[in-house]
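Read through the structure below, which is laid out as structure tokens, and then see the notes.
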Amino acid sequence: MTQHVFFNEVVTRDGFQIEPDFVPTDDKIALVDALSECGYAKIEVTAFVSPKAIPMLRDAEEVMGRIRRVPGVEYTVLVPNLRGAERALESKADELNLVMSVSQTHNLANLRMTREKSFAALSQVIRAVDGRTPVNVSLSTSFGCPMEGDVPQDEVLAWAARFAGLGVRGLTICDTTGMAHPAQVARMAQALQERFADLQLTLHFHNTRGMGLANILAGVQAGIVRFDGSLGGLGGCPYAPGASGNVCSEDAVHMLDAMGCDTGMDLPRLLTLARALPGIVGHEVPGQVAKAGRSGDLHPVPDAVTQLLATSGSRNNDP
Ligand code: COA
Ligand code: ZN
């Protein structure tokens, strides 16, 4: 498997939006600056949402204003409405990531409006942006809703088609609460590529039920090359009951690197950042490779075994 896979980092948006304690603005900026050196295609820096709804990201302007922009990395931001889009354009975001849910119930919980109202508001944003900044649309709860249950694939494709018709650059199909399974992902990936071959297609998984890496693998095998991940596996939507962390970026990169995919990522650097993350958020994080080390990081041979090896001559000597 030699295909190139592009990674988008969402820890400072999806990750920090649900943290119990406010992550200091300086720490957010330092983390984005460090992530910029790791090989990401995109970093979702923050969200221009209501500070009452998501107080953790109330410093969005300051963060966007003070990060160091590294050429080759796109700095995107989440936008729920026209007010958010104005703030995002003002902050010179490289991309606007508009959001709505395919599930009516989750859209009402998260954005406090019906899907049709969201679509009308986001259409207005796309018209106002008028091609000056690329627009991506994230469709939440595309693989299942924690309140409604199954979300039909055809409904996801229908909303995707409406946005494609408005000329967006990309679509992110989101598994907001980790309900997707690999067979479902494979079907979705195939259908998306058949219909929207000329759009940037990204998959966004949460590891709520331990299926995150399996779902990335299913997506890669079905030809998708763009994935969101969150450092340490932080993340979750505060308006989705039972939400928990995104698929962990460094664990996903480690898996794909081991399989021979070209992720373009600097995994050792990423692991250093992941190991510093508990110090920033004040608690342990779910990611596994930062704790275990890479599969190629070997442990010393115990002395007793070294002696046995010396007497038997060689590791492969098995008399
Ligand atoms: N940025 C800053 N403030 C905003 C805003 C934005 N994008 N959109 C609305 N507001 C403010 C309004 O100015 C108003 O402020 P006021 O009470 O001081 O007058 C207040 O928020 C309510 O505005 P209203 O238009 O009635 O929106 P709402 O209360 O129905 O909220 C959303 C709608 C979408 C703006 C809000 O629910 C939201 O930001 N949700 C965040 C969703 C999210 O990020 N979820 C997790 C990621 S998917
Ligand atoms: Zn998410």
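Residue numbering restarts at 1 for every chain of the structure tokens, chains are lettered A, B, ... in their displayed order, and ligands are numbered from 1 as they appear.
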Nearby polymer residues, ligand 1, at most 9 Å, only C-alpha atoms and all ligand atoms, as a compact mmCIF listing (two decimals) with all heavy atoms, in the first residue's frame:
```
# COMPACT_ATOMS: atom_id res chain seq x y z
N ARG A 13 -9.45 22.17 18.04
CA ARG A 13 -10.88 22.48 17.87
C ARG A 13 -11.73 21.36 18.49
O ARG A 13 -12.26 21.51 19.57
CB ARG A 13 -11.21 22.69 16.38
CG ARG A 13 -12.53 23.41 16.15
CD ARG A 13 -13.75 22.53 16.26
NE ARG A 13 -13.78 21.46 15.27
CZ ARG A 13 -14.64 20.45 15.31
NH1 ARG A 13 -15.52 20.36 16.29
NH2 ARG A 13 -14.60 19.51 14.39
N ASP A 14 -11.80 20.21 17.83
CA ASP A 14 -12.64 19.11 18.35
C ASP A 14 -12.15 18.66 19.72
O ASP A 14 -12.94 18.34 20.62
CB ASP A 14 -12.59 17.94 17.35
CG ASP A 14 -13.84 17.08 17.35
OD1 ASP A 14 -14.49 16.99 18.40
OD2 ASP A 14 -14.17 16.48 16.31
N GLN A 17 -12.62 21.73 22.50
CA GLN A 17 -13.99 22.24 22.72
C GLN A 17 -14.70 21.53 23.86
O GLN A 17 -15.62 22.07 24.46
CB GLN A 17 -14.82 22.14 21.44
CG GLN A 17 -15.26 20.73 21.06
CD GLN A 17 -16.00 20.64 19.73
OE1 GLN A 17 -16.08 21.63 19.00
NE2 GLN A 17 -16.53 19.49 19.41
N ILE A 18 -14.28 20.30 24.17
CA ILE A 18 -14.99 19.50 25.18
C ILE A 18 -14.18 19.35 26.46
O ILE A 18 -14.61 18.69 27.40
CB ILE A 18 -15.38 18.13 24.58
CG1 ILE A 18 -16.50 17.47 25.38
CG2 ILE A 18 -14.17 17.22 24.43
CD1 ILE A 18 -17.07 16.21 24.78
N ALA A 47 -12.83 27.27 16.35
CA ALA A 47 -14.17 27.40 15.79
C ALA A 47 -14.68 28.80 16.06
O ALA A 47 -14.53 29.33 17.17
CB ALA A 47 -15.12 26.38 16.42
N PHE A 48 -15.28 29.41 15.04
CA PHE A 48 -15.91 30.73 15.22
C PHE A 48 -17.39 30.51 15.50
O PHE A 48 -18.24 30.77 14.66
CB PHE A 48 -15.65 31.62 14.01
CG PHE A 48 -14.24 32.14 13.98
CD1 PHE A 48 -13.32 31.68 13.07
CD2 PHE A 48 -13.84 33.09 14.92
CE1 PHE A 48 -12.01 32.15 13.06
CE2 PHE A 48 -12.53 33.58 14.93
CZ PHE A 48 -11.62 33.11 14.00
N VAL A 49 -17.64 30.00 16.70
CA VAL A 49 -19.00 29.70 17.15
C VAL A 49 -19.36 30.66 18.28
O VAL A 49 -18.54 31.51 18.66
CB VAL A 49 -19.11 28.23 17.61
CG1 VAL A 49 -18.91 27.29 16.42
CG2 VAL A 49 -18.09 27.90 18.69
N SER A 50 -20.55 30.51 18.81
CA SER A 50 -20.94 31.39 19.91
C SER A 50 -20.10 31.07 21.13
O SER A 50 -20.03 29.91 21.56
CB SER A 50 -22.43 31.19 20.20
OG SER A 50 -22.69 31.59 21.52
N PRO A 51 -19.46 32.08 21.75
CA PRO A 51 -18.66 31.81 22.94
C PRO A 51 -19.51 31.31 24.11
O PRO A 51 -18.99 30.70 25.04
CB PRO A 51 -18.00 33.16 23.26
CG PRO A 51 -18.76 34.18 22.48
CD PRO A 51 -19.43 33.49 21.34
N LYS A 52 -20.83 31.57 24.03
CA LYS A 52 -21.71 31.03 25.08
C LYS A 52 -21.89 29.53 24.88
O LYS A 52 -21.96 28.77 25.84
CB LYS A 52 -23.08 31.71 25.04
CG LYS A 52 -23.03 33.10 25.62
CD LYS A 52 -24.44 33.69 25.75
CE LYS A 52 -24.33 35.18 25.95
NZ LYS A 52 -25.20 35.94 25.05
N ALA A 53 -21.97 29.11 23.61
CA ALA A 53 -22.17 27.68 23.32
C ALA A 53 -20.89 26.90 23.61
O ALA A 53 -20.93 25.81 24.18
CB ALA A 53 -22.59 27.50 21.86
N ILE A 54 -19.74 27.43 23.19
CA ILE A 54 -18.46 26.72 23.36
C ILE A 54 -17.45 27.69 23.99
O ILE A 54 -16.58 28.27 23.31
CB ILE A 54 -17.92 26.21 21.99
CG1 ILE A 54 -18.97 25.42 21.21
CG2 ILE A 54 -16.63 25.39 22.18
CD1 ILE A 54 -19.16 23.97 21.62
N LEU A 57 -13.52 27.80 23.31
CA LEU A 57 -12.89 28.37 22.10
C LEU A 57 -13.22 29.86 21.95
O LEU A 57 -13.21 30.41 20.86
CB LEU A 57 -13.35 27.57 20.86
CG LEU A 57 -13.08 26.06 20.92
CD1 LEU A 57 -13.53 25.38 19.63
CD2 LEU A 57 -11.60 25.75 21.18
N ARG A 58 -13.45 30.50 23.08
CA ARG A 58 -13.82 31.93 23.03
C ARG A 58 -12.66 32.82 22.59
O ARG A 58 -12.86 34.00 22.30
CB ARG A 58 -14.35 32.39 24.40
CG ARG A 58 -13.33 32.25 25.52
CD ARG A 58 -13.92 32.72 26.85
NE ARG A 58 -12.96 32.64 27.93
CZ ARG A 58 -12.89 31.64 28.82
NH1 ARG A 58 -13.72 30.62 28.75
NH2 ARG A 58 -11.98 31.65 29.78
N LEU A 78 -13.77 26.00 12.04
CA LEU A 78 -15.17 25.56 11.99
C LEU A 78 -16.10 26.77 12.05
O LEU A 78 -15.88 27.68 12.86
CB LEU A 78 -15.47 24.63 13.16
CG LEU A 78 -16.78 23.85 13.02
CD1 LEU A 78 -16.56 22.61 12.16
CD2 LEU A 78 -17.31 23.43 14.38
N VAL A 79 -17.12 26.75 11.21
CA VAL A 79 -18.05 27.89 11.09
C VAL A 79 -19.49 27.38 11.05
O VAL A 79 -19.82 26.56 10.20
CB VAL A 79 -17.72 28.67 9.79
CG1 VAL A 79 -18.84 29.62 9.42
CG2 VAL A 79 -16.39 29.40 9.91
N PRO A 80 -20.37 27.86 11.97
CA PRO A 80 -21.75 27.37 11.97
C PRO A 80 -22.75 28.30 11.28
O PRO A 80 -23.88 27.90 11.01
CB PRO A 80 -22.09 27.30 13.46
CG PRO A 80 -21.35 28.49 14.02
CD PRO A 80 -20.09 28.66 13.18
N ASN A 81 -22.38 29.56 11.04
CA ASN A 81 -23.36 30.54 10.52
C ASN A 81 -22.63 31.74 9.90
O ASN A 81 -21.39 31.80 9.89
CB ASN A 81 -24.31 30.98 11.65
CG ASN A 81 -23.57 31.60 12.85
OD1 ASN A 81 -22.39 31.91 12.76
ND2 ASN A 81 -24.28 31.76 13.94
N LEU A 82 -23.40 32.70 9.43
CA LEU A 82 -22.82 33.86 8.74
C LEU A 82 -21.90 34.68 9.65
O LEU A 82 -20.82 35.11 9.25
CB LEU A 82 -23.94 34.74 8.16
CG LEU A 82 -23.52 35.79 7.13
CD1 LEU A 82 -22.78 35.18 5.95
CD2 LEU A 82 -24.76 36.56 6.63
N ARG A 83 -22.35 34.85 10.90
CA ARG A 83 -21.52 35.59 11.86
C ARG A 83 -20.15 34.92 12.02
O ARG A 83 -19.11 35.57 12.03
CB ARG A 83 -22.28 35.65 13.20
CG ARG A 83 -21.50 36.14 14.38
CD ARG A 83 -21.84 37.58 14.73
NE ARG A 83 -21.02 38.03 15.86
CZ ARG A 83 -19.76 38.44 15.76
NH1 ARG A 83 -19.17 38.47 14.58
NH2 ARG A 83 -19.11 38.84 16.83
N GLY A 84 -20.16 33.61 12.09
CA GLY A 84 -18.91 32.86 12.21
C GLY A 84 -18.05 33.02 10.96
O GLY A 84 -16.82 33.13 11.04
N ALA A 85 -18.71 33.04 9.80
CA ALA A 85 -17.97 33.18 8.54
C ALA A 85 -17.29 34.55 8.47
O ALA A 85 -16.14 34.66 8.04
CB ALA A 85 -18.91 32.98 7.36
N GLU A 86 -18.00 35.58 8.90
CA GLU A 86 -17.40 36.92 8.90
C GLU A 86 -16.15 36.95 9.78
O GLU A 86 -15.11 37.50 9.40
CB GLU A 86 -18.41 37.95 9.42
CG GLU A 86 -19.51 38.28 8.41
CD GLU A 86 -20.73 38.94 9.06
OE1 GLU A 86 -20.74 39.12 10.30
OE2 GLU A 86 -21.68 39.24 8.30
N ARG A 87 -16.26 36.34 10.96
CA ARG A 87 -15.12 36.31 11.88
C ARG A 87 -13.96 35.51 11.27
O ARG A 87 -12.80 35.88 11.39
CB ARG A 87 -15.54 35.71 13.23
CG ARG A 87 -16.56 36.54 13.98
CD ARG A 87 -17.07 35.78 15.21
NE ARG A 87 -16.03 35.50 16.18
CZ ARG A 87 -16.09 34.50 17.07
NH1 ARG A 87 -17.14 33.70 17.12
NH2 ARG A 87 -15.09 34.31 17.91
N VAL A 99 -20.45 23.61 9.10
CA VAL A 99 -20.92 22.38 9.75
C VAL A 99 -22.43 22.33 9.86
O VAL A 99 -23.06 23.35 10.15
CB VAL A 99 -20.26 22.22 11.15
CG1 VAL A 99 -20.62 23.35 12.09
CG2 VAL A 99 -20.62 20.87 11.78
N MET A 100 -22.99 21.18 9.57
CA MET A 100 -24.38 20.86 9.93
C MET A 100 -24.49 19.35 10.08
O MET A 100 -23.59 18.61 9.67
CB MET A 100 -25.38 21.40 8.91
CG MET A 100 -25.35 20.75 7.56
SD MET A 100 -26.84 21.14 6.56
CE MET A 100 -28.03 19.95 7.20
N SER A 101 -25.59 18.92 10.69
CA SER A 101 -25.79 17.49 10.92
C SER A 101 -26.77 16.91 9.92
O SER A 101 -27.73 17.57 9.54
CB SER A 101 -26.35 17.24 12.32
OG SER A 101 -25.40 17.55 13.27
N LEU A 108 -30.58 20.16 15.73
CA LEU A 108 -31.32 21.03 16.66
C LEU A 108 -30.57 21.15 17.98
O LEU A 108 -30.51 22.23 18.58
CB LEU A 108 -32.73 20.48 16.89
CG LEU A 108 -33.69 20.68 15.70
CD1 LEU A 108 -34.94 19.80 15.84
CD2 LEU A 108 -34.11 22.15 15.57
N ALA A 109 -29.96 20.05 18.46
CA ALA A 109 -29.23 20.10 19.73
C ALA A 109 -27.95 20.92 19.59
O ALA A 109 -27.61 21.71 20.47
CB ALA A 109 -28.89 18.67 20.18
N ASN A 110 -27.25 20.76 18.48
CA ASN A 110 -25.92 21.35 18.34
C ASN A 110 -25.99 22.79 17.82
O ASN A 110 -25.27 23.66 18.30
CB ASN A 110 -25.12 20.48 17.35
CG ASN A 110 -23.64 20.84 17.31
OD1 ASN A 110 -23.06 21.20 18.33
ND2 ASN A 110 -23.06 20.76 16.14
N LEU A 111 -26.85 23.02 16.85
CA LEU A 111 -26.85 24.32 16.17
C LEU A 111 -28.15 25.09 16.42
O LEU A 111 -28.31 26.21 15.93
CB LEU A 111 -26.61 24.13 14.66
CG LEU A 111 -25.27 23.42 14.33
CD1 LEU A 111 -25.16 23.09 12.85
CD2 LEU A 111 -24.08 24.29 14.75
N ARG A 112 -29.06 24.48 17.12
CA ARG A 112 -30.32 25.12 17.53
C ARG A 112 -31.15 25.61 16.34
O ARG A 112 -31.83 26.64 16.42
CB ARG A 112 -30.01 26.28 18.51
CG ARG A 112 -29.40 25.74 19.79
CD ARG A 112 -28.60 26.79 20.53
NE ARG A 112 -29.37 27.99 20.81
CZ ARG A 112 -29.80 28.34 22.02
NH1 ARG A 112 -29.55 27.58 23.05
NH2 ARG A 112 -30.45 29.46 22.18
N MET A 113 -31.07 24.88 15.26
CA MET A 113 -31.95 25.18 14.12
C MET A 113 -32.19 23.90 13.33
O MET A 113 -31.48 22.90 13.51
CB MET A 113 -31.38 26.28 13.22
CG MET A 113 -29.96 26.10 12.76
SD MET A 113 -29.33 27.63 12.00
CE MET A 113 -27.71 27.76 12.72
N SER A 118 -30.25 25.49 8.69
CA SER A 118 -28.78 25.44 8.58
C SER A 118 -28.36 25.54 7.13
O SER A 118 -27.44 26.29 6.78
CB SER A 118 -28.23 24.13 9.15
OG SER A 118 -27.99 24.23 10.52
N SER A 138 -18.66 20.00 6.65
CA SER A 138 -18.63 18.82 7.51
C SER A 138 -20.05 18.40 7.82
O SER A 138 -20.84 19.19 8.34
CB SER A 138 -17.90 19.13 8.82
OG SER A 138 -16.51 19.07 8.63
N SER A 140 -22.09 16.25 10.11
CA SER A 140 -22.03 15.50 11.37
C SER A 140 -23.04 14.36 11.36
O SER A 140 -24.01 14.38 10.61
CB SER A 140 -22.34 16.42 12.55
OG SER A 140 -21.45 17.50 12.56
N THR A 176 -19.73 11.31 14.33
CA THR A 176 -19.64 12.19 15.51
C THR A 176 -19.51 11.44 16.83
O THR A 176 -18.84 11.90 17.75
CB THR A 176 -20.86 13.13 15.51
OG1 THR A 176 -20.91 13.75 14.22
CG2 THR A 176 -20.79 14.18 16.59
N GLY A 236 -14.64 15.48 20.97
CA GLY A 236 -16.04 15.12 21.17
C GLY A 236 -16.93 16.33 21.11
O GLY A 236 -16.52 17.45 21.42
N CYS A 237 -18.16 16.09 20.67
CA CYS A 237 -19.13 17.19 20.56
C CYS A 237 -19.92 17.31 21.85
O CYS A 237 -20.57 16.36 22.27
CB CYS A 237 -20.08 16.92 19.38
SG CYS A 237 -21.41 18.13 19.31
N PRO A 238 -19.89 18.50 22.49
CA PRO A 238 -20.61 18.67 23.75
C PRO A 238 -22.12 18.51 23.62
O PRO A 238 -22.81 18.36 24.62
CB PRO A 238 -20.27 20.10 24.17
CG PRO A 238 -19.16 20.55 23.29
CD PRO A 238 -19.16 19.70 22.07
N TYR A 239 -22.64 18.54 22.38
CA TYR A 239 -24.09 18.43 22.18
C TYR A 239 -24.48 17.07 21.62
O TYR A 239 -25.58 16.92 21.10
CB TYR A 239 -24.58 19.57 21.28
CG TYR A 239 -24.30 20.92 21.90
CD1 TYR A 239 -23.19 21.66 21.53
CD2 TYR A 239 -25.13 21.41 22.91
CE1 TYR A 239 -22.92 22.88 22.13
CE2 TYR A 239 -24.86 22.62 23.53
CZ TYR A 239 -23.75 23.36 23.13
OH TYR A 239 -23.47 24.55 23.74
N ALA A 240 -23.59 16.09 21.73
CA ALA A 240 -23.91 14.73 21.31
C ALA A 240 -23.73 13.81 22.52
O ALA A 240 -22.61 13.60 22.97
CB ALA A 240 -23.00 14.28 20.17
```
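Selecting alpha helix (DSSP H) from the backbone DSSP output for region 5-101 of chain A yields A:Thr25, A:Asp26, A:Asp27, A:Lys28, A:Ile29, A:Ala30, A:Leu31, A:Val32, A:Asp33, A:Ala34, A:Leu35, A:Ala60, A:Glu61, A:Glu62, A:Val63, A:Met64, A:Gly65, A:Arg66, A:Leu82, A:Arg83, A:Gly84, A:Ala85, A:Glu86, A:Arg87, A:Ala88, A:Leu89, A:Glu90.
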Quick one: everything within 10 Å of Val73 (chain A), counting only C-alpha atoms, minus sequence neighbours fewer than 5 positions away in the same chain. Send it as a PyMOL selection string. chain A and resi 8+35-43+94
Residue subset to file, keeping all heavy atoms, as a CSV table (one decimal), in the first residue's frame:
```
chain,number,residue,atom,x,y,z
A,8,ASN,N,-5.3,15.7,8.6
A,8,ASN,CA,-5.8,16.9,9.2
A,8,ASN,C,-5.8,16.8,10.7
A,8,ASN,O,-6.4,15.8,11.2
A,8,ASN,CB,-7.2,17.3,8.7
A,8,ASN,CG,-7.3,17.3,7.2
A,8,ASN,OD1,-6.3,17.5,6.5
A,8,ASN,ND2,-8.5,17.0,6.7
A,35,LEU,N,2.5,21.7,16.0
A,35,LEU,CA,1.8,20.8,15.0
A,35,LEU,C,2.2,21.1,13.6
A,35,LEU,O,2.2,20.3,12.7
A,35,LEU,CB,0.3,20.8,15.2
A,35,LEU,CG,-0.2,20.1,16.6
A,35,LEU,CD1,-1.6,20.5,16.8
A,35,LEU,CD2,0.0,18.6,16.5
A,36,SER,N,2.4,22.4,13.4
A,36,SER,CA,2.7,22.9,12.0
A,36,SER,C,4.0,22.3,11.5
A,36,SER,O,4.2,22.3,10.3
A,36,SER,CB,2.8,24.4,12.0
A,36,SER,OG,1.6,25.0,12.1
A,37,GLU,N,4.8,21.8,12.4
A,37,GLU,CA,6.1,21.2,11.9
A,37,GLU,C,6.0,19.7,11.7
A,37,GLU,O,7.1,19.0,11.5
A,37,GLU,CB,7.2,21.5,13.0
A,37,GLU,CG,7.4,23.0,13.4
A,37,GLU,CD,7.9,23.8,12.2
A,37,GLU,OE1,8.6,23.2,11.3
A,37,GLU,OE2,7.7,25.0,12.1
A,38,CYS,N,4.8,19.1,11.8
A,38,CYS,CA,4.7,17.7,11.9
A,38,CYS,C,4.3,17.0,10.5
A,38,CYS,O,4.2,15.8,10.4
A,38,CYS,CB,3.7,17.2,12.9
A,38,CYS,SG,4.4,17.5,14.6
A,39,GLY,N,4.0,17.8,9.5
A,39,GLY,CA,3.7,17.3,8.2
A,39,GLY,C,2.2,17.2,7.9
A,39,GLY,O,1.8,16.6,6.9
A,40,TYR,N,1.4,17.9,8.7
A,40,TYR,CA,-0.1,17.9,8.4
A,40,TYR,C,-0.4,18.7,7.1
A,40,TYR,O,0.3,19.7,6.8
A,40,TYR,CB,-0.8,18.6,9.5
A,40,TYR,CG,-1.0,17.7,10.8
A,40,TYR,CD1,-0.2,18.0,11.9
A,40,TYR,CD2,-1.8,16.7,10.8
A,40,TYR,CE1,-0.3,17.2,13.0
A,40,TYR,CE2,-1.9,15.9,11.9
A,40,TYR,CZ,-1.2,16.1,13.0
A,40,TYR,OH,-1.3,15.4,14.1
A,41,ALA,N,-1.5,18.2,6.4
A,41,ALA,CA,-2.0,19.0,5.3
A,41,ALA,C,-2.8,20.2,5.8
A,41,ALA,O,-2.8,21.3,5.2
A,41,ALA,CB,-2.8,18.1,4.4
A,42,LYS,N,-3.5,19.9,6.9
A,42,LYS,CA,-4.4,21.0,7.4
A,42,LYS,C,-4.4,20.9,8.9
A,42,LYS,O,-4.3,19.8,9.5
A,42,LYS,CB,-5.9,20.7,7.0
A,42,LYS,CG,-6.4,21.4,5.8
A,42,LYS,CD,-7.9,21.1,5.6
A,42,LYS,CE,-8.2,20.9,4.2
A,42,LYS,NZ,-9.6,20.5,3.9
A,43,ILE,N,-4.6,22.0,9.5
A,43,ILE,CA,-4.9,22.1,11.0
A,43,ILE,C,-6.2,22.8,11.2
A,43,ILE,O,-6.3,24.0,10.8
A,43,ILE,CB,-3.7,22.7,11.7
A,43,ILE,CG1,-2.4,21.9,11.5
A,43,ILE,CG2,-4.0,22.8,13.2
A,43,ILE,CD1,-1.2,22.5,12.1
A,94,ASP,N,-7.5,29.9,6.0
A,94,ASP,CA,-7.3,29.4,4.7
A,94,ASP,C,-8.5,28.7,4.1
A,94,ASP,O,-8.6,28.5,2.9
A,94,ASP,CB,-6.1,28.5,4.7
A,94,ASP,CG,-4.8,29.2,5.0
A,94,ASP,OD1,-4.6,30.3,4.6
A,94,ASP,OD2,-4.0,28.5,5.7
```
Closest to Asn207 (chain A) among A:Thr12, A:Asn246, A:Gln104, A:Thr46, using only C-alpha atoms?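 For Asn207 (chain A), the nearest of the given residues is A:Asn246.
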Excluding Asp257 (chain A) and its own-chain neighbours fewer than 5 positions away, which residues fall within 10 Å of it when counting only C-alpha atoms? Please give them as a list in words.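 These residues fall inside the cut-off: Met1, Thr2, Val5, Asp251, Ala252, Asp262, Thr263, Gly264, Met265 and Leu267 of chain A.
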Generate the output file for the selected residues, all heavy atoms, as a CSV table (one decimal), in the first residue's frame.
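Contents of the output file out-v6.csv:
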```csv
chain,number,residue,atom,x,y,z
A,1,MET,N,0.9,-1.2,0.0
A,1,MET,CA,0.0,0.0,0.0
A,1,MET,C,0.9,1.2,0.0
A,1,MET,O,1.5,1.6,1.0
A,1,MET,CB,-0.9,0.0,1.2
A,1,MET,CG,-2.0,0.9,1.2
A,1,MET,SD,-3.3,0.6,2.5
A,1,MET,CE,-4.3,-0.6,1.7
A,2,THR,N,1.0,1.9,-1.1
A,2,THR,CA,2.0,3.0,-1.2
A,2,THR,C,1.3,4.4,-1.4
A,2,THR,O,1.9,5.4,-1.7
A,2,THR,CB,3.0,2.8,-2.4
A,2,THR,OG1,2.2,2.6,-3.6
A,2,THR,CG2,3.9,1.7,-2.1
A,5,VAL,N,-1.4,9.6,2.0
A,5,VAL,CA,-2.5,9.9,2.8
A,5,VAL,C,-2.3,11.2,3.5
A,5,VAL,O,-1.2,11.5,4.0
A,5,VAL,CB,-2.7,8.8,3.9
A,5,VAL,CG1,-3.8,9.2,4.9
A,5,VAL,CG2,-3.1,7.5,3.3
A,251,ASP,N,-1.7,7.4,16.6
A,251,ASP,CA,-1.9,6.0,16.4
A,251,ASP,C,-2.3,5.7,15.0
A,251,ASP,O,-1.8,4.7,14.4
A,251,ASP,CB,-3.1,5.5,17.3
A,251,ASP,CG,-2.7,5.6,18.8
A,251,ASP,OD1,-1.6,6.0,19.1
A,251,ASP,OD2,-3.5,5.2,19.7
A,252,ALA,N,-3.0,6.5,14.3
A,252,ALA,CA,-3.4,6.3,12.9
A,252,ALA,C,-2.2,6.4,12.0
A,252,ALA,O,-2.0,5.6,11.1
A,252,ALA,CB,-4.5,7.3,12.5
A,262,ASP,N,2.3,6.4,2.5
A,262,ASP,CA,3.1,7.7,2.6
A,262,ASP,C,2.3,8.7,3.3
A,262,ASP,O,1.4,9.4,2.6
A,262,ASP,CB,3.6,8.1,1.2
A,262,ASP,CG,4.3,9.4,1.2
A,262,ASP,OD1,4.7,9.9,2.3
A,262,ASP,OD2,4.4,10.0,0.1
A,263,THR,N,2.5,8.9,4.6
A,263,THR,CA,1.6,9.9,5.3
A,263,THR,C,2.3,11.3,5.3
A,263,THR,O,1.7,12.3,5.6
A,263,THR,CB,1.4,9.5,6.7
A,263,THR,OG1,2.7,9.5,7.4
A,263,THR,CG2,0.7,8.2,6.9
A,264,GLY,N,3.6,11.3,5.0
A,264,GLY,CA,4.4,12.6,5.0
A,264,GLY,C,4.5,13.1,6.4
A,264,GLY,O,4.9,14.3,6.6
A,265,MET,N,4.2,12.3,7.4
A,265,MET,CA,4.2,12.9,8.8
A,265,MET,C,5.5,12.5,9.5
A,265,MET,O,6.1,11.5,9.3
A,265,MET,CB,3.0,12.2,9.6
A,265,MET,CG,1.6,12.6,9.1
A,265,MET,SD,1.2,14.3,9.5
A,265,MET,CE,1.2,14.3,11.2
A,267,LEU,N,6.5,11.2,12.6
A,267,LEU,CA,5.9,10.5,13.8
A,267,LEU,C,6.7,10.8,15.1
A,267,LEU,O,6.0,11.0,16.1
A,267,LEU,CB,5.8,9.0,13.4
A,267,LEU,CG,5.1,8.2,14.5
A,267,LEU,CD1,3.6,8.7,14.8
A,267,LEU,CD2,5.0,6.7,14.1
```
Among listed residues A:Arg115, A:His206, A:Arg69, A:His181, nearest ligand 2 (using only C-alpha atoms and all ligand atoms):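 Ranking A:Arg115, A:His206, A:Arg69, A:His181 by distance to ligand 2, first place goes to A:His206.
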Counting only C-alpha atoms, which of A:Arg169, A:Glu61, A:Gln200, A:Val156 gets nearest to Arg132 (chain A)?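 For Arg132 (chain A), the nearest of the candidates is A:Arg169.
Of the residues under consideration (A:Leu171, A:Glu250, A:Val137, A:Pro268), A:Leu171 shows the shortest atom-to-atom contact distance to Asp198 (chain A) when counting only C-alpha atoms.
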Take CA of Ala290 (chain A) and CA of His254 (chain A) and report the distance between them in Å, one decimal. 10.1 Å
Go through A:Leu273, A:Val11, A:Ala120, A:Ile126 and flag the residue nearest ligand 2, using only C-alpha atoms and all ligand atoms for the distances. A:Val11
How many Å separate CA of Gly144 (chain A) from CA of Val285 (chain A)? 24.9 Å
I'd like the neighbourhood of Ser91 (chain A) as a list in words, where a residue qualifies if any of its atoms comes within 9 Å (using only C-alpha atoms), though same-chain residues fewer than 6 positions away should be ignored.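 Selected residues are Ala60, Glu61, Glu62, Met64 and Gly65 of chain A.
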Tell me which protein, DNA and RNA residues are within 12 Å of Leu139 (chain A), counting only C-alpha atoms, leaving out same-chain ones fewer than 2 positions away, and put them as a VMD selection string. chain A and resid 78 80 97 to 104 106 to 107 115 118 to 119 136 to 137 141 to 145 151 153 155 to 163 170 to 176 201 to 205
In terms of the shortest atom-to-atom distance over only C-alpha atoms and all ligand atoms, which of A:Ser123, A:Ser230, A:Gln193, A:Thr105 is closest to ligand 2?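 Checking each candidate against ligand 2, we get A:Ser230 as the closest.
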Leaving out region 293-298 of chain A and any residue of its chain fewer than 2 positions from it, which residues lie within 9 Å of it when counting only C-alpha atoms, given as a ChimeraX atom specification? /A:254,258,268,271,288-291,300-301
So that I can check the secondary structure, give me every residue of region 205-301 of chain A assigned strand (DSSP E) by backbone DSSP, as a ChimeraX atom specification. /A:205,226-229
Quick one: pull the distance between CA of Ala121 (chain A) and CA of Ala88 (chain A), Å, one decimal.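 Spanning CA of Ala121 (chain A) to CA of Ala88 (chain A) is a straight-line distance of 15.3 Å.
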